[in-house]
$ cat query-v2.txt   # compact mmCIF, N, CA and C atoms
# COMPACT_ATOMS: atom_id res chain seq x y z
N MET B 1074 -5.96 -87.19 -63.10
CA MET B 1074 -4.83 -86.28 -63.17
C MET B 1074 -4.12 -86.18 -61.82
N ARG B 1075 -4.92 -86.15 -60.74
CA ARG B 1075 -4.33 -86.08 -59.40
C ARG B 1075 -3.48 -87.31 -59.09
N LYS B 1076 -4.00 -88.45 -59.47
CA LYS B 1076 -3.26 -89.70 -59.20
C LYS B 1076 -1.93 -89.71 -59.94
N LEU B 1077 -1.91 -89.21 -61.17
CA LEU B 1077 -0.68 -89.14 -61.94
C LEU B 1077 0.32 -88.19 -61.28
N ALA B 1078 -0.14 -87.04 -60.83
CA ALA B 1078 0.74 -86.08 -60.16
C ALA B 1078 1.29 -86.67 -58.87
N THR B 1079 0.44 -87.36 -58.12
CA THR B 1079 0.89 -88.01 -56.88
C THR B 1079 1.93 -89.07 -57.17
N ALA B 1080 1.72 -89.86 -58.22
CA ALA B 1080 2.68 -90.91 -58.58
C ALA B 1080 4.01 -90.30 -59.00
N VAL B 1081 4.00 -89.20 -59.73
CA VAL B 1081 5.24 -88.55 -60.16
C VAL B 1081 6.00 -88.01 -58.95
N VAL B 1082 5.29 -87.37 -58.02
CA VAL B 1082 5.94 -86.85 -56.80
C VAL B 1082 6.52 -87.99 -55.98
N ALA B 1083 5.78 -89.08 -55.80
CA ALA B 1083 6.26 -90.22 -55.03
C ALA B 1083 7.50 -90.84 -55.68
N ALA B 1084 7.49 -90.97 -57.00
CA ALA B 1084 8.66 -91.52 -57.70
C ALA B 1084 9.86 -90.60 -57.53
N GLY B 1085 9.65 -89.29 -57.61
CA GLY B 1085 10.76 -88.35 -57.41
C GLY B 1085 11.36 -88.45 -56.03
N LEU B 1086 10.51 -88.57 -55.02
CA LEU B 1086 11.01 -88.72 -53.65
C LEU B 1086 11.77 -90.04 -53.48
N PHE B 1087 11.25 -91.10 -54.09
CA PHE B 1087 11.91 -92.41 -53.99
C PHE B 1087 13.29 -92.38 -54.62
N PHE B 1088 13.39 -91.88 -55.85
CA PHE B 1088 14.69 -91.85 -56.53
C PHE B 1088 15.62 -90.82 -55.92
N GLY B 1089 15.09 -89.74 -55.40
CA GLY B 1089 15.92 -88.76 -54.68
C GLY B 1089 16.51 -89.38 -53.42
N GLY B 1090 15.72 -90.20 -52.72
CA GLY B 1090 16.22 -90.89 -51.54
C GLY B 1090 17.29 -91.90 -51.88
N MET B 1091 17.17 -92.54 -53.03
CA MET B 1091 18.21 -93.47 -53.46
C MET B 1091 19.53 -92.73 -53.69
N GLY B 1092 19.46 -91.53 -54.24
CA GLY B 1092 20.68 -90.73 -54.47
C GLY B 1092 21.36 -90.37 -53.16
N VAL B 1093 20.57 -90.04 -52.14
CA VAL B 1093 21.13 -89.72 -50.83
C VAL B 1093 21.78 -90.97 -50.23
N ALA B 1094 21.15 -92.13 -50.40
CA ALA B 1094 21.72 -93.37 -49.86
C ALA B 1094 23.06 -93.68 -50.49
N VAL B 1095 23.21 -93.45 -51.78
CA VAL B 1095 24.48 -93.69 -52.45
C VAL B 1095 25.53 -92.70 -51.95
N ALA B 1096 25.15 -91.44 -51.77
CA ALA B 1096 26.09 -90.42 -51.30
C ALA B 1096 26.52 -90.70 -49.87
N ASP B 1097 25.71 -91.44 -49.11
CA ASP B 1097 25.98 -91.71 -47.70
C ASP B 1097 26.72 -93.03 -47.50
N SER B 1098 27.37 -93.56 -48.54
CA SER B 1098 28.06 -94.84 -48.41
C SER B 1098 29.40 -94.67 -47.70
N TRP B 1099 29.86 -95.73 -47.06
CA TRP B 1099 31.11 -95.71 -46.29
C TRP B 1099 32.28 -96.14 -47.17
N HIS B 1100 33.45 -95.54 -46.91
CA HIS B 1100 34.67 -95.84 -47.64
C HIS B 1100 35.77 -96.16 -46.63
N GLY B 1101 36.66 -97.07 -46.98
CA GLY B 1101 37.75 -97.45 -46.09
C GLY B 1101 38.76 -96.32 -45.92
N LEU B 1102 39.35 -96.24 -44.72
CA LEU B 1102 40.34 -95.21 -44.41
C LEU B 1102 41.41 -95.82 -43.50
N THR B 1103 42.66 -95.80 -43.95
CA THR B 1103 43.77 -96.28 -43.16
C THR B 1103 44.87 -95.23 -43.18
N MET B 1104 45.35 -94.86 -42.00
CA MET B 1104 46.46 -93.91 -41.87
C MET B 1104 47.41 -94.45 -40.81
N ALA B 1105 48.71 -94.25 -41.03
CA ALA B 1105 49.69 -94.75 -40.07
C ALA B 1105 50.95 -93.89 -40.09
N THR B 1106 51.58 -93.81 -38.94
CA THR B 1106 52.88 -93.18 -38.79
C THR B 1106 53.62 -93.94 -37.69
N THR B 1107 54.85 -93.58 -37.43
CA THR B 1107 55.61 -94.27 -36.40
C THR B 1107 54.89 -94.15 -35.06
N GLY B 1108 54.46 -95.26 -34.50
CA GLY B 1108 53.83 -95.28 -33.19
C GLY B 1108 52.33 -95.09 -33.17
N ALA B 1109 51.69 -94.75 -34.28
CA ALA B 1109 50.24 -94.51 -34.29
C ALA B 1109 49.63 -95.05 -35.57
N GLU B 1110 48.38 -95.50 -35.43
CA GLU B 1110 47.70 -96.09 -36.58
C GLU B 1110 46.19 -95.89 -36.44
N PHE B 1111 45.53 -95.61 -37.55
CA PHE B 1111 44.06 -95.54 -37.57
C PHE B 1111 43.56 -96.41 -38.71
N LYS B 1112 42.60 -97.30 -38.39
CA LYS B 1112 41.95 -98.13 -39.39
C LYS B 1112 40.45 -97.99 -39.19
N GLY B 1113 39.77 -97.59 -40.24
CA GLY B 1113 38.33 -97.42 -40.13
C GLY B 1113 37.71 -97.04 -41.45
N SER B 1114 36.70 -96.19 -41.38
CA SER B 1114 36.00 -95.76 -42.58
C SER B 1114 35.45 -94.35 -42.39
N TYR B 1115 35.02 -93.77 -43.51
CA TYR B 1115 34.47 -92.41 -43.46
C TYR B 1115 33.29 -92.31 -44.41
N THR B 1116 32.47 -91.30 -44.16
CA THR B 1116 31.36 -90.97 -45.04
C THR B 1116 31.03 -89.50 -44.89
N TRP B 1117 30.38 -88.95 -45.88
CA TRP B 1117 29.85 -87.60 -45.79
C TRP B 1117 28.41 -87.70 -45.35
N GLU B 1118 28.06 -87.02 -44.27
CA GLU B 1118 26.67 -86.98 -43.82
C GLU B 1118 25.83 -86.22 -44.84
N PRO B 1119 24.55 -86.56 -44.98
CA PRO B 1119 23.70 -85.82 -45.90
C PRO B 1119 23.47 -84.38 -45.41
N PRO B 1120 23.18 -83.46 -46.31
CA PRO B 1120 22.90 -82.08 -45.90
C PRO B 1120 21.77 -82.04 -44.87
N LEU B 1121 21.82 -81.07 -43.99
CA LEU B 1121 20.86 -80.86 -42.91
C LEU B 1121 20.95 -81.91 -41.81
N LYS B 1122 21.88 -82.86 -41.91
CA LYS B 1122 22.09 -83.82 -40.84
C LYS B 1122 23.51 -83.58 -40.32
N LYS B 1123 23.63 -83.00 -39.15
CA LYS B 1123 24.93 -82.67 -38.56
C LYS B 1123 25.76 -81.81 -39.51
N HIS B 1124 25.12 -80.85 -40.14
CA HIS B 1124 25.75 -79.90 -41.06
C HIS B 1124 26.43 -80.58 -42.24
N GLY B 1125 25.94 -81.74 -42.63
CA GLY B 1125 26.53 -82.45 -43.77
C GLY B 1125 27.98 -82.76 -43.51
N GLY B 1126 28.32 -83.10 -42.29
CA GLY B 1126 29.71 -83.26 -41.86
C GLY B 1126 30.40 -84.51 -42.37
N PHE B 1127 31.67 -84.59 -42.05
CA PHE B 1127 32.55 -85.69 -42.43
C PHE B 1127 32.63 -86.64 -41.24
N ARG B 1128 32.02 -87.82 -41.32
CA ARG B 1128 32.00 -88.77 -40.20
C ARG B 1128 33.11 -89.79 -40.37
N VAL B 1129 33.86 -89.98 -39.29
CA VAL B 1129 34.96 -90.95 -39.25
C VAL B 1129 34.69 -91.91 -38.11
N LYS B 1130 34.78 -93.21 -38.38
CA LYS B 1130 34.71 -94.16 -37.29
C LYS B 1130 35.68 -95.31 -37.56
N GLY B 1131 36.24 -95.81 -36.47
CA GLY B 1131 37.23 -96.87 -36.59
C GLY B 1131 38.01 -97.02 -35.30
N ARG B 1132 39.21 -97.58 -35.43
CA ARG B 1132 40.05 -97.86 -34.27
C ARG B 1132 41.39 -97.14 -34.42
N MET B 1133 41.75 -96.37 -33.40
CA MET B 1133 43.03 -95.68 -33.36
C MET B 1133 43.89 -96.40 -32.32
N ALA B 1134 45.10 -96.78 -32.72
CA ALA B 1134 45.93 -97.61 -31.85
C ALA B 1134 47.31 -97.00 -31.64
N ASP B 1135 47.79 -97.13 -30.40
CA ASP B 1135 49.19 -96.83 -30.08
C ASP B 1135 49.95 -98.12 -30.36
N VAL B 1136 50.71 -98.15 -31.44
CA VAL B 1136 51.36 -99.39 -31.87
C VAL B 1136 52.78 -99.54 -31.33
N ASP B 1137 53.31 -98.51 -30.67
CA ASP B 1137 54.64 -98.61 -30.04
C ASP B 1137 54.46 -98.37 -28.54
N HIS B 1138 54.21 -99.45 -27.81
CA HIS B 1138 53.89 -99.34 -26.39
C HIS B 1138 55.05 -98.85 -25.55
N GLY B 1139 56.27 -99.01 -26.00
CA GLY B 1139 57.44 -98.66 -25.19
C GLY B 1139 57.93 -97.24 -25.37
N ASP B 1140 57.33 -96.45 -26.25
CA ASP B 1140 57.88 -95.12 -26.51
C ASP B 1140 57.42 -94.06 -25.49
N GLY B 1141 56.37 -94.34 -24.73
CA GLY B 1141 55.90 -93.40 -23.72
C GLY B 1141 55.16 -92.19 -24.27
N HIS B 1142 54.70 -92.25 -25.51
CA HIS B 1142 54.00 -91.12 -26.12
C HIS B 1142 52.54 -91.45 -26.38
N ASN B 1143 51.72 -90.42 -26.34
CA ASN B 1143 50.30 -90.55 -26.63
C ASN B 1143 50.08 -90.39 -28.13
N ILE B 1144 48.86 -90.67 -28.57
CA ILE B 1144 48.49 -90.54 -29.98
C ILE B 1144 47.23 -89.70 -30.09
N TYR B 1145 46.98 -89.16 -31.28
CA TYR B 1145 45.75 -88.41 -31.50
C TYR B 1145 45.42 -88.37 -32.99
N LEU B 1146 44.15 -88.15 -33.25
CA LEU B 1146 43.65 -87.94 -34.60
C LEU B 1146 43.33 -86.46 -34.70
N ARG B 1147 43.74 -85.81 -35.78
CA ARG B 1147 43.41 -84.39 -35.91
C ARG B 1147 42.75 -84.13 -37.25
N ALA B 1148 41.82 -83.18 -37.22
CA ALA B 1148 41.06 -82.84 -38.43
C ALA B 1148 40.92 -81.33 -38.52
N LYS B 1149 40.86 -80.85 -39.74
CA LYS B 1149 40.70 -79.42 -40.01
C LYS B 1149 39.59 -79.26 -41.04
N VAL B 1150 38.56 -78.54 -40.64
CA VAL B 1150 37.44 -78.24 -41.54
C VAL B 1150 37.70 -76.87 -42.14
N GLU B 1151 37.30 -76.67 -43.38
CA GLU B 1151 37.54 -75.43 -44.10
C GLU B 1151 37.31 -74.19 -43.23
N GLY B 1152 38.37 -73.38 -43.06
CA GLY B 1152 38.25 -72.12 -42.34
C GLY B 1152 38.35 -72.21 -40.83
N TYR B 1153 38.53 -73.39 -40.25
CA TYR B 1153 38.60 -73.56 -38.80
C TYR B 1153 39.97 -74.08 -38.40
N ASP B 1154 40.27 -74.01 -37.09
CA ASP B 1154 41.52 -74.54 -36.57
C ASP B 1154 41.46 -76.07 -36.50
N TRP B 1155 42.62 -76.67 -36.23
CA TRP B 1155 42.70 -78.11 -36.07
C TRP B 1155 41.94 -78.54 -34.82
N VAL B 1156 41.27 -79.69 -34.90
CA VAL B 1156 40.56 -80.30 -33.78
C VAL B 1156 41.24 -81.63 -33.49
N ARG B 1157 41.51 -81.91 -32.20
CA ARG B 1157 42.16 -83.17 -31.82
C ARG B 1157 41.18 -84.11 -31.15
N VAL B 1158 41.32 -85.39 -31.50
CA VAL B 1158 40.62 -86.47 -30.80
C VAL B 1158 41.72 -87.30 -30.17
N LYS B 1159 41.83 -87.23 -28.84
CA LYS B 1159 42.95 -87.86 -28.14
C LYS B 1159 42.78 -89.36 -28.00
N GLY B 1160 43.91 -90.05 -28.08
CA GLY B 1160 43.95 -91.48 -27.85
C GLY B 1160 44.46 -91.77 -26.45
N VAL B 1161 44.81 -93.01 -26.19
CA VAL B 1161 45.31 -93.44 -24.89
C VAL B 1161 46.60 -94.22 -25.10
N GLN B 1162 47.61 -93.93 -24.26
CA GLN B 1162 48.88 -94.64 -24.39
C GLN B 1162 48.69 -96.13 -24.22
N ARG B 1163 49.38 -96.90 -25.06
CA ARG B 1163 49.42 -98.36 -25.00
C ARG B 1163 48.04 -99.01 -25.14
N LYS B 1164 47.09 -98.31 -25.78
CA LYS B 1164 45.75 -98.87 -25.95
C LYS B 1164 45.21 -98.58 -27.35
N THR B 1165 44.13 -99.25 -27.67
CA THR B 1165 43.37 -98.99 -28.89
C THR B 1165 42.03 -98.42 -28.48
N VAL B 1166 41.62 -97.33 -29.11
CA VAL B 1166 40.35 -96.69 -28.76
C VAL B 1166 39.45 -96.63 -29.99
N GLU B 1167 38.15 -96.69 -29.73
CA GLU B 1167 37.15 -96.55 -30.79
C GLU B 1167 36.89 -95.07 -31.04
N ILE B 1168 36.88 -94.69 -32.30
CA ILE B 1168 36.62 -93.31 -32.70
C ILE B 1168 35.32 -93.30 -33.51
N ASN B 1169 34.44 -92.35 -33.19
CA ASN B 1169 33.22 -92.12 -33.97
C ASN B 1169 32.94 -90.63 -33.87
N GLU B 1170 33.49 -89.85 -34.78
CA GLU B 1170 33.42 -88.39 -34.73
C GLU B 1170 32.86 -87.83 -36.03
N VAL B 1171 32.21 -86.68 -35.89
CA VAL B 1171 31.72 -85.93 -37.06
C VAL B 1171 32.40 -84.58 -37.04
N PHE B 1172 33.08 -84.23 -38.12
CA PHE B 1172 33.74 -82.94 -38.26
C PHE B 1172 32.92 -82.11 -39.24
N PHE B 1173 32.53 -80.89 -38.81
CA PHE B 1173 31.66 -80.10 -39.67
C PHE B 1173 31.90 -78.61 -39.47
N ASP B 1174 31.42 -77.85 -40.43
CA ASP B 1174 31.45 -76.39 -40.41
C ASP B 1174 30.09 -75.94 -39.91
N GLY B 1175 30.04 -75.37 -38.72
CA GLY B 1175 28.77 -74.99 -38.12
C GLY B 1175 28.06 -73.85 -38.82
N ALA B 1176 28.72 -73.16 -39.71
CA ALA B 1176 28.12 -72.00 -40.36
C ALA B 1176 27.40 -72.34 -41.67
N VAL B 1177 27.51 -73.57 -42.13
CA VAL B 1177 26.89 -73.93 -43.40
C VAL B 1177 26.02 -75.18 -43.23
N LEU B 1178 25.19 -75.46 -44.21
CA LEU B 1178 24.33 -76.63 -44.17
C LEU B 1178 25.02 -77.90 -44.63
N GLN B 1179 26.14 -77.73 -45.37
CA GLN B 1179 26.85 -78.89 -45.89
C GLN B 1179 28.35 -78.59 -45.93
N THR B 1180 29.13 -79.34 -45.17
CA THR B 1180 30.58 -79.19 -45.17
C THR B 1180 31.13 -79.72 -46.48
N LYS B 1181 32.13 -79.02 -47.03
CA LYS B 1181 32.65 -79.41 -48.35
C LYS B 1181 34.10 -79.86 -48.36
N TYR B 1182 34.89 -79.51 -47.31
CA TYR B 1182 36.32 -79.77 -47.36
C TYR B 1182 36.85 -80.11 -45.96
N VAL B 1183 37.60 -81.21 -45.85
CA VAL B 1183 38.17 -81.64 -44.57
C VAL B 1183 39.56 -82.22 -44.82
N GLU B 1184 40.50 -81.92 -43.89
CA GLU B 1184 41.83 -82.53 -43.88
C GLU B 1184 41.94 -83.34 -42.60
N ILE B 1185 42.61 -84.49 -42.66
CA ILE B 1185 42.69 -85.36 -41.48
C ILE B 1185 44.01 -86.12 -41.48
N GLN B 1186 44.52 -86.42 -40.27
CA GLN B 1186 45.71 -87.26 -40.13
C GLN B 1186 45.80 -87.79 -38.70
N VAL B 1187 46.58 -88.86 -38.53
CA VAL B 1187 46.83 -89.44 -37.21
C VAL B 1187 48.28 -89.11 -36.83
N CYS B 1188 48.49 -88.81 -35.54
CA CYS B 1188 49.81 -88.34 -35.10
C CYS B 1188 50.22 -89.00 -33.79
N ARG B 1189 51.53 -88.98 -33.54
CA ARG B 1189 52.09 -89.39 -32.25
C ARG B 1189 52.56 -88.12 -31.56
N ASP B 1190 52.07 -87.89 -30.35
CA ASP B 1190 52.39 -86.70 -29.57
C ASP B 1190 53.72 -86.94 -28.86
N ARG B 1191 54.75 -86.23 -29.30
CA ARG B 1191 56.09 -86.46 -28.73
C ARG B 1191 56.47 -85.42 -27.70
N GLY B 1192 55.52 -84.66 -27.20
CA GLY B 1192 55.81 -83.68 -26.17
C GLY B 1192 56.09 -82.30 -26.76
N SER B 1193 56.51 -81.37 -25.89
CA SER B 1193 56.67 -79.99 -26.33
C SER B 1193 58.04 -79.70 -26.94
N LEU B 1194 59.06 -80.50 -26.65
CA LEU B 1194 60.40 -80.21 -27.16
C LEU B 1194 60.67 -80.78 -28.54
N ARG B 1195 60.00 -81.87 -28.86
CA ARG B 1195 60.21 -82.49 -30.17
C ARG B 1195 58.93 -82.40 -30.99
N PRO B 1196 59.06 -82.23 -32.29
CA PRO B 1196 57.84 -82.14 -33.12
C PRO B 1196 57.12 -83.49 -33.19
N ASP B 1197 55.80 -83.44 -33.25
CA ASP B 1197 55.01 -84.65 -33.41
C ASP B 1197 55.27 -85.24 -34.80
N ASN B 1198 55.17 -86.55 -34.90
CA ASN B 1198 55.23 -87.13 -36.23
C ASN B 1198 53.82 -87.59 -36.61
N CYS B 1199 53.43 -87.23 -37.83
CA CYS B 1199 52.07 -87.47 -38.30
C CYS B 1199 52.07 -88.24 -39.62
N SER B 1200 50.97 -88.90 -39.89
CA SER B 1200 50.80 -89.57 -41.17
C SER B 1200 50.66 -88.51 -42.26
N PRO B 1201 50.82 -88.89 -43.51
CA PRO B 1201 50.59 -87.91 -44.59
C PRO B 1201 49.18 -87.34 -44.49
N LEU B 1202 49.06 -86.07 -44.78
CA LEU B 1202 47.77 -85.37 -44.70
C LEU B 1202 46.82 -85.89 -45.78
N ARG B 1203 45.63 -86.29 -45.35
CA ARG B 1203 44.59 -86.74 -46.29
C ARG B 1203 43.59 -85.61 -46.46
N LYS B 1204 43.29 -85.25 -47.69
CA LYS B 1204 42.34 -84.17 -47.99
C LYS B 1204 41.11 -84.76 -48.67
N PHE B 1205 39.95 -84.35 -48.20
CA PHE B 1205 38.69 -84.86 -48.73
C PHE B 1205 37.80 -83.69 -49.15
N ARG B 1206 37.25 -83.79 -50.35
CA ARG B 1206 36.28 -82.82 -50.86
C ARG B 1206 35.01 -83.57 -51.17
N ARG B 1207 33.90 -82.91 -50.87
CA ARG B 1207 32.60 -83.53 -51.16
C ARG B 1207 32.42 -83.62 -52.66

$ encode --input "query-v2.txt" --output "structure tokens"
Amino acid sequence: MRKLATAVVAAGLFFGGMGVAVADSWHGLTMATTGAEFKGSYTWEPPLKKHGGFRVKGRMADVDHGDGHNIYLRAKVEGYDWVRVKGVQRKTVEINEVFFDGAVLQTKYVEIQVCRDRGSLRPDNCSPLRKFRR
């Protein structure tokens, strides 16, 4: 009887782990606007790992070298202000960020976009807002 119970528990852990592996798969993500571009992928972290956050990794590029403006990636997690990940003028930078809600074990909602920083007098231009729900 003990061996049967042990086998059932082991099988449950194995198949439960397979479910987490499927939930942790990467998906392609491309965003672009005038002068800025992001190409990469995203995934939802599993619960209890970095607050089950939204991980983004890829390359953010300043595609208009002559405009004199910087670029940035911005994200908003449910209930928090926008967070910026700054780029570099006339360069491509690697991004590997996790956006999460520190008050919960699993983040459920994130908005993200890439923008060109046009200074304080003119509004920034951004890609269409992408919304993700777990």

$ residues_around --input "query-v2.txt" --residues "range 1177-1191 of chain B" --least-positions-apart "4" --cutoff "6 Å" --atoms "all atoms listed in the file" --output "short mmCIF file (atom, residue, chain, number, x, y, z; two decimals) with N, CA and C atoms, keeping the file's coordinate frame"
data_model
loop_
_atom_site.label_atom_id
_atom_site.label_comp_id
_atom_site.auth_asym_id
_atom_site.auth_seq_id
_atom_site.Cartn_x
_atom_site.Cartn_y
_atom_site.Cartn_z
N GLY B 1108 54.46 -95.26 -34.50
CA GLY B 1108 53.83 -95.28 -33.19
C GLY B 1108 52.33 -95.09 -33.17
N ALA B 1109 51.69 -94.75 -34.28
CA ALA B 1109 50.24 -94.51 -34.29
C ALA B 1109 49.63 -95.05 -35.57
N PRO B 1120 23.18 -83.46 -46.31
CA PRO B 1120 22.90 -82.08 -45.90
C PRO B 1120 21.77 -82.04 -44.87
N LEU B 1121 21.82 -81.07 -43.99
CA LEU B 1121 20.86 -80.86 -42.91
C LEU B 1121 20.95 -81.91 -41.81
N HIS B 1124 25.12 -80.85 -40.14
CA HIS B 1124 25.75 -79.90 -41.06
C HIS B 1124 26.43 -80.58 -42.24
N GLY B 1125 25.94 -81.74 -42.63
CA GLY B 1125 26.53 -82.45 -43.77
C GLY B 1125 27.98 -82.76 -43.51
N GLY B 1126 28.32 -83.10 -42.29
CA GLY B 1126 29.71 -83.26 -41.86
C GLY B 1126 30.40 -84.51 -42.37
N HIS B 1142 54.70 -92.25 -25.51
CA HIS B 1142 54.00 -91.12 -26.12
C HIS B 1142 52.54 -91.45 -26.38
N ASN B 1143 51.72 -90.42 -26.34
CA ASN B 1143 50.30 -90.55 -26.63
C ASN B 1143 50.08 -90.39 -28.13
N ILE B 1144 48.86 -90.67 -28.57
CA ILE B 1144 48.49 -90.54 -29.98
C ILE B 1144 47.23 -89.70 -30.09
N TYR B 1145 46.98 -89.16 -31.28
CA TYR B 1145 45.75 -88.41 -31.50
C TYR B 1145 45.42 -88.37 -32.99
N LEU B 1146 44.15 -88.15 -33.25
CA LEU B 1146 43.65 -87.94 -34.60
C LEU B 1146 43.33 -86.46 -34.70
N ARG B 1147 43.74 -85.81 -35.78
CA ARG B 1147 43.41 -84.39 -35.91
C ARG B 1147 42.75 -84.13 -37.25
N ALA B 1148 41.82 -83.18 -37.22
CA ALA B 1148 41.06 -82.84 -38.43
C ALA B 1148 40.92 -81.33 -38.52
N LYS B 1149 40.86 -80.85 -39.74
CA LYS B 1149 40.70 -79.42 -40.01
C LYS B 1149 39.59 -79.26 -41.04
N VAL B 1150 38.56 -78.54 -40.64
CA VAL B 1150 37.44 -78.24 -41.54
C VAL B 1150 37.70 -76.87 -42.14
N GLU B 1151 37.30 -76.67 -43.38
CA GLU B 1151 37.54 -75.43 -44.10
C GLU B 1151 37.31 -74.19 -43.23
N PHE B 1173 32.53 -80.89 -38.81
CA PHE B 1173 31.66 -80.10 -39.67
C PHE B 1173 31.90 -78.61 -39.47
N ARG B 1195 60.00 -81.87 -28.86
CA ARG B 1195 60.21 -82.49 -30.17
C ARG B 1195 58.93 -82.40 -30.99
N PRO B 1196 59.06 -82.23 -32.29
CA PRO B 1196 57.84 -82.14 -33.12
C PRO B 1196 57.12 -83.49 -33.19
N ASP B 1197 55.80 -83.44 -33.25
CA ASP B 1197 55.01 -84.65 -33.41
C ASP B 1197 55.27 -85.24 -34.80
N ASN B 1198 55.17 -86.55 -34.90
CA ASN B 1198 55.23 -87.13 -36.23
C ASN B 1198 53.82 -87.59 -36.61
N CYS B 1199 53.43 -87.23 -37.83
CA CYS B 1199 52.07 -87.47 -38.30
C CYS B 1199 52.07 -88.24 -39.62
N SER B 1200 50.97 -88.90 -39.89
CA SER B 1200 50.80 -89.57 -41.17
C SER B 1200 50.66 -88.51 -42.26
N PRO B 1201 50.82 -88.89 -43.51
CA PRO B 1201 50.59 -87.91 -44.59
C PRO B 1201 49.18 -87.34 -44.49
N LEU B 1202 49.06 -86.07 -44.78
CA LEU B 1202 47.77 -85.37 -44.70
C LEU B 1202 46.82 -85.89 -45.78
N ARG B 1203 45.63 -86.29 -45.35
CA ARG B 1203 44.59 -86.74 -46.29
C ARG B 1203 43.59 -85.61 -46.46
N LYS B 1204 43.29 -85.25 -47.69
CA LYS B 1204 42.34 -84.17 -47.99
C LYS B 1204 41.11 -84.76 -48.67
N PHE B 1205 39.95 -84.35 -48.20
CA PHE B 1205 38.69 -84.86 -48.73
C PHE B 1205 37.80 -83.69 -49.15
N ARG B 1206 37.25 -83.79 -50.35
CA ARG B 1206 36.28 -82.82 -50.86
C ARG B 1206 35.01 -83.57 -51.17
N ARG B 1207 33.90 -82.91 -50.87
CA ARG B 1207 32.60 -83.53 -51.16
C ARG B 1207 32.42 -83.62 -52.66
#

$ closest_residue --input "query-v2.txt" --among "B:His1100, B:Lys1122, B:Arg1157, B:Lys1112" --to "Ala1134 in chain B" --atoms "only N, CA and C atoms"
B:Lys1112

$ residues_near_point --input "query-v2.txt" --point "(33.5, -89.8, -39.4)" --cutoff "5 Å" --atoms "only N, CA and C atoms" --output "PDB file with N, CA and C atoms, in the frame of the given file"
ATOM      1  N   TYR B1115      35.020 -93.770 -43.510  1.00  0.00           N
ATOM      2  CA  TYR B1115      34.470 -92.410 -43.460  1.00  0.00           C
ATOM      3  C   TYR B1115      33.290 -92.310 -44.410  1.00  0.00           C
ATOM      4  N   PHE B1127      31.670 -84.590 -42.050  1.00  0.00           N
ATOM      5  CA  PHE B1127      32.550 -85.690 -42.430  1.00  0.00           C
ATOM      6  C   PHE B1127      32.630 -86.640 -41.240  1.00  0.00           C
ATOM      7  N   ARG B1128      32.020 -87.820 -41.320  1.00  0.00           N
ATOM      8  CA  ARG B1128      32.000 -88.770 -40.200  1.00  0.00           C
ATOM      9  C   ARG B1128      33.110 -89.790 -40.370  1.00  0.00           C
ATOM     10  N   VAL B1129      33.860 -89.980 -39.290  1.00  0.00           N
ATOM     11  CA  VAL B1129      34.960 -90.950 -39.250  1.00  0.00           C
ATOM     12  C   VAL B1129      34.690 -91.910 -38.110  1.00  0.00           C
ATOM     13  N   LYS B1130      34.780 -93.210 -38.380  1.00  0.00           N
ATOM     14  CA  LYS B1130      34.710 -94.160 -37.290  1.00  0.00           C
ATOM     15  C   LYS B1130      35.680 -95.310 -37.560  1.00  0.00           C
ATOM     16  N   GLU B1170      33.490 -89.850 -34.780  1.00  0.00           N
ATOM     17  CA  GLU B1170      33.420 -88.390 -34.730  1.00  0.00           C
ATOM     18  C   GLU B1170      32.860 -87.830 -36.030  1.00  0.00           C
ATOM     19  N   VAL B1171      32.210 -86.680 -35.890  1.00  0.00           N
ATOM     20  CA  VAL B1171      31.720 -85.930 -37.060  1.00  0.00           C
ATOM     21  C   VAL B1171      32.400 -84.580 -37.040  1.00  0.00           C
TER      22      VAL B1171
END

$ atom_distance --input "query-v2.txt" --atom1 "CA of Val1156 in chain B" --atom2 "CA of Gly1141 in chain B"
22.5 Å

$ atom_distance --input "query-v2.txt" --atom1 "atom N of Gly1113 in chain B" --atom2 "atom C of Trp1099 in chain B"
10.3 Å

$ atom_distance --input "query-v2.txt" --atom1 "atom N of Val1161 in chain B" --atom2 "CA of Met1133 in chain B"
7.9 Å

$ select_by_dssp --input "query-v2.txt" --residues "chain B" --states "strand (DSSP E)" --output "ChimeraX atom specification"
/B:1100-1106,1109-1117,1127-1135,1143-1150,1155-1159,1165-1172,1182-1190,1198-1199,1203-1206

$ axis_aligned_box --input "query-v2.txt" --around "range 1110-1115 of chain B" --padding-each-side "6 Å" --output "lines of an AutoDock Vina configuration file"
center_x = 40.8
center_y = -95.2
center_z = -39.9
size_x = 27.1
size_y = 17.8
size_z = 21.0

$ closest_residue --input "query-v2.txt" --among "B:Gly1192, B:Asp1154, B:Gly1131, B:Thr1107" --to "Ile1168 in chain B" --atoms "all atoms listed in the file"
B:Gly1131

$ closest_residue --input "query-v2.txt" --among "B:Gly1152, B:Trp1117, B:Lys1164, B:Lys1159" --to "Val1136 in chain B" --atoms "all atoms listed in the file"
B:Lys1164

$ select_by_dssp --input "query-v2.txt" --residues "range 1075-1203 of chain B" --states "helix (DSSP H, G or I)" --output "list in words"
Arg1075, Lys1076, Leu1077, Ala1078, Thr1079, Ala1080, Val1081, Val1082, Ala1083, Ala1084, Gly1085, Leu1086, Phe1087, Phe1088, Gly1089, Gly1090, Met1091, Gly1092, Val1093, Ala1094, Val1095, Ala1096, Lys1123, His1124 and Gly1125 of chain B

$ closest_residue --input "query-v2.txt" --among "B:Thr1106, B:Ser1193, B:Gln1162, B:Asn1169" --to "His1138 in chain B" --atoms "only N, CA and C atoms"
B:Gln1162

$ closest_residue --input "query-v2.txt" --among "B:Trp1155, B:Gly1139, B:Asp1174, B:Arg1132" --to "Glu1110 in chain B" --atoms "only C-alpha atoms"
B:Arg1132
